[in-house]
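Chemist: Right, I'll just put the structure down here and ask away after.
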Amino acid sequence: MADISKYTAKIPVEADRPLFQEAVASALHGAPRGSYILIWIACAEGLKRRFREAAVRDGKANKILGDITQKEEQQKPEQQEELGRNILQAADGSSRSALAYLSAVRRDPSDLEQPFLKGLIFEAFVNERLEFRFKEERMAVILDLLTNQKDIEAELVEAIDASTPKSWIFEKDYRHILDLVKERPDIKLLAEALERNSEKQRNSGKFISTDDF
């Protein structure tokens with residue numbers, strides 16, 4: 001991804017810069033989609049801030065701000081799911097805002113919409129093309145969020161069973177994630193799916209063993 005840091009100085013309002021700076025960091029960490037969503041959020045929040053400031057003296061601005069808020073609350077399930085995926089990718093790119101958000105919802109996910117939560121969880125295992133890969137660094141958070149989400153777990157198991165390996169995975173890393181899942185008896189179906197998937201990885205030649213070095 002191209003270096004976008006040069007655009008930071010062109011942002012006129014200091015309050016609009018932190019999210020863009022996180023987008024720069026996300027891009028440098030190899031998470032372009034996370035960078036994209038952070039840029040989008042930075043632009044959206046900047047516009048809303050201006051409408052809030054204008055609403056003090058302009059009734060039309062207040063109406064526009066209300067329309068924006070209403071449309072945000074009426075996102076379609078597939079849009080919510082995509083947003084969940086994007087938030088996890090931003091966290092994977094070390095976005096401080098995304099990481100802080102994950103930490104908060106980890107403690108209390110009860111207010112999350114199911115499609116959004118599904119997007120967060122699925123992104124750790126399979127992409128939209130049903131290609132299997134891990135987002136290892138955030139796995140503990142994801143497993144916490146998956147606890148007691150039987151419907152999402154069942155859908156995730158189906159997705160993993162239907163998936164194809166995306167890239168090579170170190171077998172020891174795969175076993176480590178599998179062990180983490182096995183420690184949680186409430187997500188037994190996921191553990192069984194990952195056991196089945198390990199054979200798929202092995203048969204496709206996508207496992208890297210320490211013996212290969």
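Every chain in the structure tokens has a letter given in the order shown (A, B, ...), and although residue numbers restart at 1 in each chain, ligands are simply numbered from 1 in the order shown.
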Determine, counting only C-alpha atoms, which protein, DNA and RNA residues have an atom within 8 Å of an atom of A:Lys166; residues of the same chain fewer than 2 positions away are not included. Present the result as a list of chain:residue names.
Modeler: A:Glu131, A:Phe132, A:Arg133, A:Thr164, A:Trp168
Chemist: Just C-alpha atoms for this one: save the residues we selected as an mmCIF file, in the first residue's frame.
Modeler:
data_model
loop_
_atom_site.group_PDB
_atom_site.id
_atom_site.type_symbol
_atom_site.label_atom_id
_atom_site.label_comp_id
_atom_site.auth_asym_id
_atom_site.auth_seq_id
_atom_site.Cartn_x
_atom_site.Cartn_y
_atom_site.Cartn_z
ATOM 1 C CA GLU A 131 -10.530 -19.098 2.558
ATOM 2 C CA PHE A 132 -9.159 -20.323 5.879
ATOM 3 C CA ARG A 133 -6.435 -18.425 7.739
ATOM 4 C CA THR A 164 -10.208 -23.932 1.398
ATOM 5 C CA TRP A 168 0.775 -21.781 4.503
#
Chemist: For A:Asp16, please output as a list in words all residues within 10 Å (counting only C-alpha atoms; exclusion window: fewer than 2 positions along the same chain).
Modeler: Thr8, Ile11, Pro12, Val13, Glu14, Pro18, Leu19, Phe20, Gln21, Ala42, Cys43, Ala44, Glu45, Gly46, Leu47 and Arg49 of chain A
Chemist: If we count only C-alpha atoms, what is near A:Asp173 at a cut-off of 12 Å, once residues fewer than 5 positions away on the same chain are taken out, given as a list in words?
Modeler: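 Result of the neighbour search: Arg133, Phe134, Lys135, Glu136, Glu137, Met139, Trp168, Leu178, Asp179, Leu180, Ser198, Phe207, Ile208, Ser209 and Thr210 of chain A.
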Chemist: Can you tell me which residues surround A:Glu155 at a distance of at most 12 Å, considering only C-alpha atoms, apart from same-chain residues fewer than 2 positions away, and format the answer as a list in words?
Modeler: Pro115, Lys118, Gly119, Ile121, Phe122, Phe125, Val126, Leu146, Gln149, Lys150, Asp151, Ile152, Glu153, Val157, Glu158, Ala159, Ile160, Asp161, Ala162, Leu189, Leu190 and Ala193 of chain A
Chemist: Output N, CA and C atoms for every residue in the selection just made, as a PDB file, in the first residue's frame.
Modeler:
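The resulting file, again_19.pdb, is shown below:
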ATOM      1  N   PRO A 115     -25.010  -9.631  13.574  1.00  0.00           N
ATOM      2  CA  PRO A 115     -24.200  -9.635  12.347  1.00  0.00           C
ATOM      3  C   PRO A 115     -22.821  -9.000  12.550  1.00  0.00           C
ATOM      4  N   LYS A 118     -20.741 -11.458  14.458  1.00  0.00           N
ATOM      5  CA  LYS A 118     -20.371 -12.535  13.535  1.00  0.00           C
ATOM      6  C   LYS A 118     -19.194 -12.116  12.667  1.00  0.00           C
ATOM      7  N   GLY A 119     -19.215 -10.877  12.165  1.00  0.00           N
ATOM      8  CA  GLY A 119     -18.113 -10.394  11.340  1.00  0.00           C
ATOM      9  C   GLY A 119     -16.799 -10.378  12.088  1.00  0.00           C
ATOM     10  N   ILE A 121     -15.925 -12.257  14.630  1.00  0.00           N
ATOM     11  CA  ILE A 121     -15.489 -13.627  14.917  1.00  0.00           C
ATOM     12  C   ILE A 121     -15.038 -14.344  13.648  1.00  0.00           C
ATOM     13  N   PHE A 122     -15.819 -14.241  12.586  1.00  0.00           N
ATOM     14  CA  PHE A 122     -15.468 -14.928  11.342  1.00  0.00           C
ATOM     15  C   PHE A 122     -14.129 -14.454  10.789  1.00  0.00           C
ATOM     16  N   PHE A 125     -10.965 -16.352  11.341  1.00  0.00           N
ATOM     17  CA  PHE A 125     -10.790 -17.710  10.806  1.00  0.00           C
ATOM     18  C   PHE A 125     -10.916 -17.802   9.281  1.00  0.00           C
ATOM     19  N   VAL A 126     -11.952 -17.214   8.720  1.00  0.00           N
ATOM     20  CA  VAL A 126     -12.182 -17.321   7.270  1.00  0.00           C
ATOM     21  C   VAL A 126     -12.517 -15.947   6.699  1.00  0.00           C
ATOM     22  N   LEU A 146     -16.895 -15.415  21.415  1.00  0.00           N
ATOM     23  CA  LEU A 146     -17.642 -16.560  20.887  1.00  0.00           C
ATOM     24  C   LEU A 146     -18.363 -17.348  21.983  1.00  0.00           C
ATOM     25  N   GLN A 149     -22.207 -18.053  22.186  1.00  0.00           N
ATOM     26  CA  GLN A 149     -22.807 -17.646  20.907  1.00  0.00           C
ATOM     27  C   GLN A 149     -22.977 -18.896  20.042  1.00  0.00           C
ATOM     28  N   LYS A 150     -23.909 -19.746  20.416  1.00  0.00           N
ATOM     29  CA  LYS A 150     -24.065 -21.049  19.766  1.00  0.00           C
ATOM     30  C   LYS A 150     -24.436 -20.934  18.291  1.00  0.00           C
ATOM     31  N   ASP A 151     -25.293 -19.973  17.953  1.00  0.00           N
ATOM     32  CA  ASP A 151     -25.691 -19.826  16.552  1.00  0.00           C
ATOM     33  C   ASP A 151     -24.506 -19.416  15.684  1.00  0.00           C
ATOM     34  N   ILE A 152     -23.715 -18.464  16.179  1.00  0.00           N
ATOM     35  CA  ILE A 152     -22.544 -18.027  15.420  1.00  0.00           C
ATOM     36  C   ILE A 152     -21.521 -19.147  15.340  1.00  0.00           C
ATOM     37  N   GLU A 153     -21.340 -19.885  16.440  1.00  0.00           N
ATOM     38  CA  GLU A 153     -20.395 -21.008  16.416  1.00  0.00           C
ATOM     39  C   GLU A 153     -20.812 -22.031  15.366  1.00  0.00           C
ATOM     40  N   VAL A 157     -18.551 -23.087  12.171  1.00  0.00           N
ATOM     41  CA  VAL A 157     -18.168 -24.477  11.899  1.00  0.00           C
ATOM     42  C   VAL A 157     -18.491 -24.837  10.449  1.00  0.00           C
ATOM     43  N   GLU A 158     -19.672 -24.457   9.981  1.00  0.00           N
ATOM     44  CA  GLU A 158     -20.051 -24.718   8.587  1.00  0.00           C
ATOM     45  C   GLU A 158     -19.091 -24.025   7.626  1.00  0.00           C
ATOM     46  N   ALA A 159     -18.727 -22.791   7.950  1.00  0.00           N
ATOM     47  CA  ALA A 159     -17.821 -22.033   7.085  1.00  0.00           C
ATOM     48  C   ALA A 159     -16.435 -22.674   7.045  1.00  0.00           C
ATOM     49  N   ILE A 160     -15.932 -23.109   8.192  1.00  0.00           N
ATOM     50  CA  ILE A 160     -14.614 -23.754   8.231  1.00  0.00           C
ATOM     51  C   ILE A 160     -14.640 -25.066   7.461  1.00  0.00           C
ATOM     52  N   ASP A 161     -15.706 -25.839   7.631  1.00  0.00           N
ATOM     53  CA  ASP A 161     -15.821 -27.111   6.906  1.00  0.00           C
ATOM     54  C   ASP A 161     -15.870 -26.886   5.396  1.00  0.00           C
ATOM     55  N   ALA A 162     -16.460 -25.775   4.969  1.00  0.00           N
ATOM     56  CA  ALA A 162     -16.586 -25.486   3.537  1.00  0.00           C
ATOM     57  C   ALA A 162     -15.393 -24.718   2.982  1.00  0.00           C
ATOM     58  N   LEU A 189     -17.675 -27.558  19.462  1.00  0.00           N
ATOM     59  CA  LEU A 189     -17.920 -27.742  18.027  1.00  0.00           C
ATOM     60  C   LEU A 189     -16.821 -27.098  17.192  1.00  0.00           C
ATOM     61  N   LEU A 190     -16.333 -25.946  17.638  1.00  0.00           N
ATOM     62  CA  LEU A 190     -15.240 -25.283  16.922  1.00  0.00           C
ATOM     63  C   LEU A 190     -13.971 -26.115  16.985  1.00  0.00           C
ATOM     64  N   ALA A 193     -14.217 -28.855  14.516  1.00  0.00           N
ATOM     65  CA  ALA A 193     -14.070 -28.348  13.147  1.00  0.00           C
ATOM     66  C   ALA A 193     -12.607 -28.068  12.820  1.00  0.00           C
TER      67      ALA A 193
END
